[in-house]
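Peer 1: There's a structure below that I have some questions on.
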Amino acid sequence: MQFMLLFSRQGKLRLQKWYVPLSDKERKKISRDLVQTILARKPKMCSFLEWRDLKIVYKRYASLYFCCAVEDQDNELITLEIIHRYVELLDKYFGSVCELDIIFNFEKAYFILDEFLLGGEAQETSKKNVLKAIEQADLLQENTFSSGMRC
Amino acid sequence: MPAVSKGDGMRGLAVFISDIRNCKSKEAEIKRINKELANIRSKFKGDKALDGYSKKKYVCKLLFIFLLGHDIDFGHMEAVNLLSSNKYTEKQIGYLFISVLVNSNSELIRLINNAIKNDLSSRNPTFMCLALHCIANVGSREMAEAFASEIPRILVAGDTMDSVKQSAALCLLRLYKTSPDLVLMGEWTSRVVHLLNDQHMGVVTAAISLITCLSQKNPDEFKTCVSLAVSRLSRIVSSASTDLQDYTYYFVPAPWLSCKLLRLLQCYPPPEDGAVKGRLVECLETILNKAQEPPKSKKVQHSNAKNAILFEAISLIIHYDSEPNLLVRACNQLGQFLQHRETNLRYLALESMCTLASSEFSHEAVKTHIETVINALKTERDVSVRQRAADLLYAMCDRSNAKQIVAEMLSYLETADYSIREEMVLKVAILAEKYAVDYSWYVDTILNLIRIAGDYVSEEVWYRVIQIVINRDDVQGYAAKTVFEALQAPACHENMVKVGGYILGEFGNLIAGDPRSSPLVQFNLLHSKFHLCSVPTRALLLSAYIKFINLFPETKATIQEVLRCDSQIRNSDVELQQRAVEYLKLSSIASTDVLATVLEEMPPFPERESSILAKLKKKKGPGAVSVTELEDSKREGGELNGGGDRGPDTSAMSASNAVSRHSVTSNLSYVFQSTPSPSADLLGIRSSAPAGTAPASAGNLLVDVFSEAGPAAPSAAVNDDGFLSSAPPSEDPAPPLSEADELLNKFVCKNNGVLFENQLLQIGIKSEYRQNLGRMYLFYGNKTSVQFASFTTSVSCPGELQSHILSLNVQTKQVEPLVEGGAQIQQVLNIECLTDFSDAPLLNIKFRYGGALQNLTLKLPVTINKFFQPTEMSSHDFFQRWKQLSQPQQEAQKIFKANHSMDTEVLKAKLLGLGTALLDNVDPNPENYVCAGVIQTKGQQVGCLLRLEPNAQAQMYRLTLRCSKDSVSRRLCELLAEQF
């Protein structure tokens with residue numbers, strides 16, 4: 001996978017993860033173009049499109065669009081399910097996730113993504129294992145935080 | 001606040017985010033952000049040390065601001081500090097900031113690497129994972145240098161936690177992608193491959209991405225992975241849906257891992273070991289069988305995961321291309337999907353079938369779905385699905401269904417999306433040519449293409465139809481009749497006029513017997529379109545007219561009348577005018593025999609690869625034909641024209657046809673002399689290429705075919721010489737021409753004349769000088785009939801003088817970038833001599849002639865003597881000064897052989913042209929010449945005295961110069977020695 005973008009129906013980027021080195025300017029241009037292209041598509045259209053030399057796989061969940069760019073030989077359907085699994089992870093962690101959760105806790109959204117995908121490839125596809133890792137970290141921060149208070 | 005805040009919330013951050021969300025306008029948002037940035041900056045700069053929590057909060061705010069799309073130029077140091085915090089949450093935010101914001105060239109990388117190193121060696125798995133995530137996210141070369149040797153160790157070590165292994169595998173993959181040279185697997189290879197056997201499914205899932213990437217690059221070293229992958233796959237495929245616990249996704253066991261295993265196997269040929277192969281075939285069959293089972297869930301996730309594996313399995317079956325049974329089953333499965341209610345599945349089925357169509361085992365099976373695919377082309381509401389359908393029709397086309405498919409594609413073209421029309425046109429043209437059994441069908445198809453989508457019919461397409469008509473005499477009569485009919489339409493596309501003009505000009509006689517298409521009717525029909533056409537088409541039509549005069553003497557008077565009228569013979573376009581004049585003359589003075597020879601029917605084109613196929617290859621865009629298909633069509637392409645001479649794998653196309661064409665009919669060009677021959681017209685009137693640059697300039701006809709044609713002049717790097725030009729590196733000014741000095745010398749004693757001339761360009765000069773100032777007019781004449789594009793000139797002063805002491809100040813105004821064929825443009829240079837100089841300024845001229853960049857550098861004839869003021873003086877004064885300038889370095893002397901006539905008047909004219917005063921009665925020897933002058937520069941005046949002593953017997957001269965500045969003496973002596 002080359003990158004993943006989350007954006008709202010209004011076209012506001014909520015999360016962006018780049019797995020290939022690109023300049024800031026290129027990233028902005030790509031996001032702008034792609035957001036426009038996808039928002040212009042009708043609901044019943046297929047979830048895949050060819051865009052430049054990449055394949056775009058996207059799906060809308062409530063007010064948010066999740067969009068992944070994968071390479072030519074990558075599998076579109078499994079990418080679609082990558083998106084779904086990520087949504088499930090967010091949902092489980094936040095408890096029926098909504099766009100606001102991702103806005104206010106954007107750092108958590110990144111942490112969860114890093115546990116799930118790394119370098120653009122699936123690292124851990126088990127929902128339990130990903131959430132366990134995140135919860136452990138949450139626990140760790142409380143512990144060290146309190147020990148930090150003591151000194 | 002509605003949002004949940006897990007872990008330790010940062011209240012300040014939440015408030016800030018709320019504020020931003022409440023901003024009513026973009027301006028208000030920017031104001032709020034600037035306020036926050038100022039606040040954070042002051043906190044970071046303040047004297048009071050910030051505690052970890054505040055630092056974390058501010059870094060997080062900066063990150064948020066960055067993610068809103070604003071630039072962040074501080075805070076990096078604070079983020080790096082957070083990395084070494086002993087509090088996990090602070091460390092985590094620090095890493096996040098760095099992952100998102102730090103780019104590889106940052107100076108901070110060293111500090112970051114230090115923190116990473118500490119965390120990697122901490123043996124705390126959570127910290128290790130954070131550090132590995134950071135490396136994988138940044139993935140810079142510096143990080144690869146620091147960690148590429150460490151990470152494989154972590155990956156294979158026995159005591160590494162599973163979660164760390166997973167991160168390490170993907171971290172290594174990222175580093176391998178950025179710096180493959182630094183990641184040396186060597187000793188680790190076998191242990192990495194064996195991760196496929198790991199008990200932990202998560203480890204296998206992560207490791208297989210790494211193994212796949214490494215196998216693609218080093219298939220031999222990793223080939224043991226094949227049998228391991230097969231057995232792993234077999235275990236997953238045969239497991240019950242609950243066996244794999246949390247790795248089962250909506251009743252599908254390990255879909256991600258299965259897809260990746262199937263993908264890994266596509267890096268290799270079918271397994272040689274019979275047992276392994278048998279097991280794999282079994283797996284593939286099971287996967288195909290499962291597709292037929294009733295779904296275990298109605299959820300789309302279930303079917304997506306299941307079908308993801310199925311499509312990956314089909315890809316592997318197609319990759320092997322050796323199991324007819326599996327191929328046909330795959331095809332049938334895809335056939336079912338073609339009518340599925342899920343758009344996504346229809347899309348993927350069309351895409352996948354495209355590759356199946358090229359397999360000899362499944363081609364026939366794919367063909368059975370033709371009606372469904374045609375229906376998809378007509379009814380799908382999503383353009384991307386229609387595009388897939390069109391691609392598939394193209395892929396499944398063969399002799400048996402070509403007529404049907406071409407007809408469907410043609411009718412689709414009428415409503416097709418603009419974005420895909422050009423590609424569709426090419427594909428139709430290729431299919432029509434490839435599967436033409438009778439050529440009337442081929443001609444009809446191409447003319448239909450022009451009628452339906454004329455704007456999208458590229459030159460290659462109509463060149464090709466003409467090539468084929470000329471080469472096949474059985475279709476010529478039909479072609480003439482058909483274009484004649486097509487031209488009857490009140491509005492027809494200009495491409496139709498081109499084809500019509502060409503074909504009627506060649507073969508109009510074949511239909512002239514019918515009174516409804518008598519010569520005059522044909523001519524009037526063509527001429528009725530003339531005024532609506534662009535210049536190149538008109539030029540082509542004029543050539544058709546002269547061909548008519550030869551074919552049908554009875555039209556001669558009418559056509560001559562047309563040629564003679566002012567709008568032709570005085571046309572403002574030089575090409576049209578020239579043709580009118582020459583054709584008129586030719587038709588009136590040449591005898592019928594000469595005319596018949598000159599205007600003879602075109603000889604057949606040498607057979608080459610179809611130009612349109614080459615164009616499609618170039619496009620390579622979405623849905624472009626696969627390589628195998630191309631090879632395939634190359635094989636079959638020959639059938640159309642009886643498989644003539646087909647050179648080695650040249651990318652031969654009509655451009656090269658144009659070139660060879662040119663030579664075939666050179667007898668014609670000869671008669672026409674400067675006018676491009678009618679043969680050249682076919683391939684664009686602009687192909688009157690000068691001999692030396694023929695291949696490159698032919699590129700202008702087929703711009704995208706030859707677009708990479710190198711510049712005509714090599715663009716050697718001459719930057720060391722101190723060019724001022726800021727041209728991009730690929731277009732450095734050429735080094736000065738070898739004859740630049742010679743050209744320069746011609747202008748030492750004169751101010752006006754032609755500086756340079758080649759087949760394309762003429763440069764004339766007029767100049768005048770007063771005191772230390774000069775003005776030069778440069779005239780650039782385009783000698784061809786083709787426009788010069790991107791015409792730029794630049795003047796630079798060579799090295800020694802430009803940086804410290806500018807000796808000449810040359811001001812130019814840039815010229816218009818386009819120079820029309822036959823036109824001349826003017827450029828004025830204002831020159832100021834600041835101090836004396838010896839090197840002439842360089843004039844660089846760049847332009848595009850056709851596709852090729854012309855790049856030439858000349859020496860601008862500005863020499864120090866141009867700033868001479870003549871000084872009259874008596875014999876006494878002269879010798880007095882002569883003696884004053886007696887220091888040895890002030891004198892320069894040269895004895896040299898005469899190169900030119902020693903005639904007195906010629907010498908006198910030259911010396912006067914030099915700019916000095918020629919003093920009579922000064923030298924006691926009347927044969928000698930003496931001159932005096934003052935060179936005016938901005939800063940000083942340099943007095944110069946000259947004495948030239950000819951020796952007519954020996955054909956020698958002695959030249960002596962004495963100037964108040966020694967460098968001037970030397971330079972003048974050098975310059976003048978070349979003049980006599």
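Ordering of the structure tokens sets the chain letters (A, B, ...); residue numbers start at 1 within each chain; ligands are numbered from 1 in the order shown.
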What are the DSSP strand (DSSP E) residues of region 111-146 of chain A, as a PyMOL selection string?

Peer 2: chain A and resi 117-118+121-122

Peer 1: Write a file of the just-selected residues containing N, CA and C atoms, as a PDB file, in the first residue's frame.

Peer 2:
ATOM      1  N   LEU A 117      -1.191  -1.844  10.513  1.00  0.00           N
ATOM      2  CA  LEU A 117      -0.394  -1.829   9.291  1.00  0.00           C
ATOM      3  C   LEU A 117       0.952  -1.199   9.589  1.00  0.00           C
ATOM      4  N   LEU A 118       1.989  -1.750   9.004  1.00  0.00           N
ATOM      5  CA  LEU A 118       3.302  -1.139   9.158  1.00  0.00           C
ATOM      6  C   LEU A 118       3.983  -1.144   7.795  1.00  0.00           C
ATOM      7  N   GLU A 121       2.021  -2.657   4.952  1.00  0.00           N
ATOM      8  CA  GLU A 121       1.633  -4.076   4.907  1.00  0.00           C
ATOM      9  C   GLU A 121       0.946  -4.461   6.216  1.00  0.00           C
ATOM     10  N   ALA A 122       0.090  -5.462   6.139  1.00  0.00           N
ATOM     11  CA  ALA A 122      -0.597  -5.904   7.348  1.00  0.00           C
ATOM     12  C   ALA A 122       0.423  -6.490   8.318  1.00  0.00           C
TER      13      ALA A 122
END

Peer 1: Could you list, with a cut-off of 8 Å and counting only C-alpha atoms, the residues of chain B near chain A, each shown with its nearest atom pair and the distance in Å rounded to one decimal, rows sorted by chain and ascending number, as a tab-separated table?

Peer 2:
residue	atom	partner	partner_atom	distance
B:Pro2	CA	A:Leu100	CA	7.6
B:Ala3	CA	A:Asp101	CA	5.3
B:Val4	CA	A:Asp101	CA	6.4
B:Ser5	CA	A:Asn105	CA	6.9
B:Lys6	CA	A:Phe94	CA	7.8
B:Gly7	CA	A:Asp138	CA	5.5
B:Asp8	CA	A:Glu142	CA	7.3
B:Ala14	CA	A:Phe104	CA	6.3
B:Ile17	CA	A:Phe104	CA	6.8
B:Leu67	CA	A:Leu15	CA	7.6
B:Leu68	CA	A:Leu13	CA	7.5
B:Asn86	CA	A:Thr144	CA	7.8
B:Lys87	CA	A:Thr144	CA	5.5
B:Tyr88	CA	A:Gln141	CA	5.4
B:Thr89	CA	A:Gln141	CA	5.2
B:Ile93	CA	A:Glu107	CA	7.7
B:Leu96	CA	A:Glu107	CA	7.7
B:Thr126	CA	A:Ala137	CA	7.4
B:His133	CA	A:Leu118	CA	7.0
B:Ala136	CA	A:Gly119	CA	5.6
B:Asn137	CA	A:Gly119	CA	6.3
B:Gln166	CA	A:Gln123	CA	6.1
B:Ser167	CA	A:Gln123	CA	7.0
B:Leu170	CA	A:Leu118	CA	6.2
B:Cys171	CA	A:Gly119	CA	6.8
B:Leu173	CA	A:Gly119	CA	7.6
B:Arg174	CA	A:Gly119	CA	5.9
B:Gly202	CA	A:Glu124	CA	5.1
B:Val203	CA	A:Glu124	CA	7.8
B:Thr205	CA	A:Gln123	CA	6.5
B:Ala206	CA	A:Gln123	CA	4.8
B:Ser209	CA	A:Glu121	CA	6.9
B:Asp246	CA	A:Ser126	CA	5.4
B:Tyr247	CA	A:Ser126	CA	5.4
B:Pro255	CA	A:Ile78	CA	7.6
B:Trp256	CA	A:Ile78	CA	6.8
B:Cys259	CA	A:Ile78	CA	7.8
B:Gln301	CA	A:Glu81	CA	6.7
B:Asn304	CA	A:Leu77	CA	5.7
B:Ala305	CA	A:Ile78	CA	6.2
B:Asn307	CA	A:Leu77	CA	7.3
B:Ala308	CA	A:Leu77	CA	5.1
B:Phe311	CA	A:Asn75	CA	7.9
B:Glu312	CA	A:Asn75	CA	7.1
B:Thr343	CA	A:Cys46	CA	5.2
B:Asn344	CA	A:Cys46	CA	5.0
B:Tyr347	CA	A:Cys46	CA	7.4
B:Arg381	CA	A:Met45	CA	7.5
B:Asp382	CA	A:Met45	CA	5.7
B:Ser384	CA	A:Leu49	CA	6.5
B:Val385	CA	A:Cys46	CA	7.7
B:Gly621	CA	A:Asp53	CA	7.8
B:Pro622	CA	A:Glu50	CA	7.0

Peer 1: Using only C-alpha atoms, which protein or nucleic acid residues come within 6 Å of region 469-485 of chain B? Drop anything in the same chain fewer than 4 positions from it, and give the result as a VMD selection string.

Peer 2: chain B and resid 439 500 504 510 604

Peer 1: May I have the residues within 9 Å of Leu120 (chain B) as a list in words, using only C-alpha atoms and disregarding those fewer than 6 positions away in the same chain?

Peer 2: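 Those residues are Phe127, Met128, Cys129, Leu130, Ala131 and Leu132 of chain B.
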
Peer 1: Please, could you write that set of residues out with C-alpha atoms as a compact mmCIF listing (two decimals), in the first residue's frame?

Peer 2:
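What follows is the written file selection00.txt:
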# COMPACT_ATOMS: atom_id res chain seq x y z
CA PHE B 127 9.56 0.46 23.50
CA MET B 128 11.20 -1.74 20.89
CA CYS B 129 8.03 -1.75 18.84
CA LEU B 130 7.74 2.04 19.04
CA ALA B 131 11.29 2.39 17.80
CA LEU B 132 10.73 -0.11 14.98

Peer 1: How many Å lie between CA of Asn114 (chain B) and CA of Pro180 (chain B), rounded to one decimal?

Peer 2: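 CA of Pro180 (chain B) lies 22.6 Å from CA of Asn114 (chain B).
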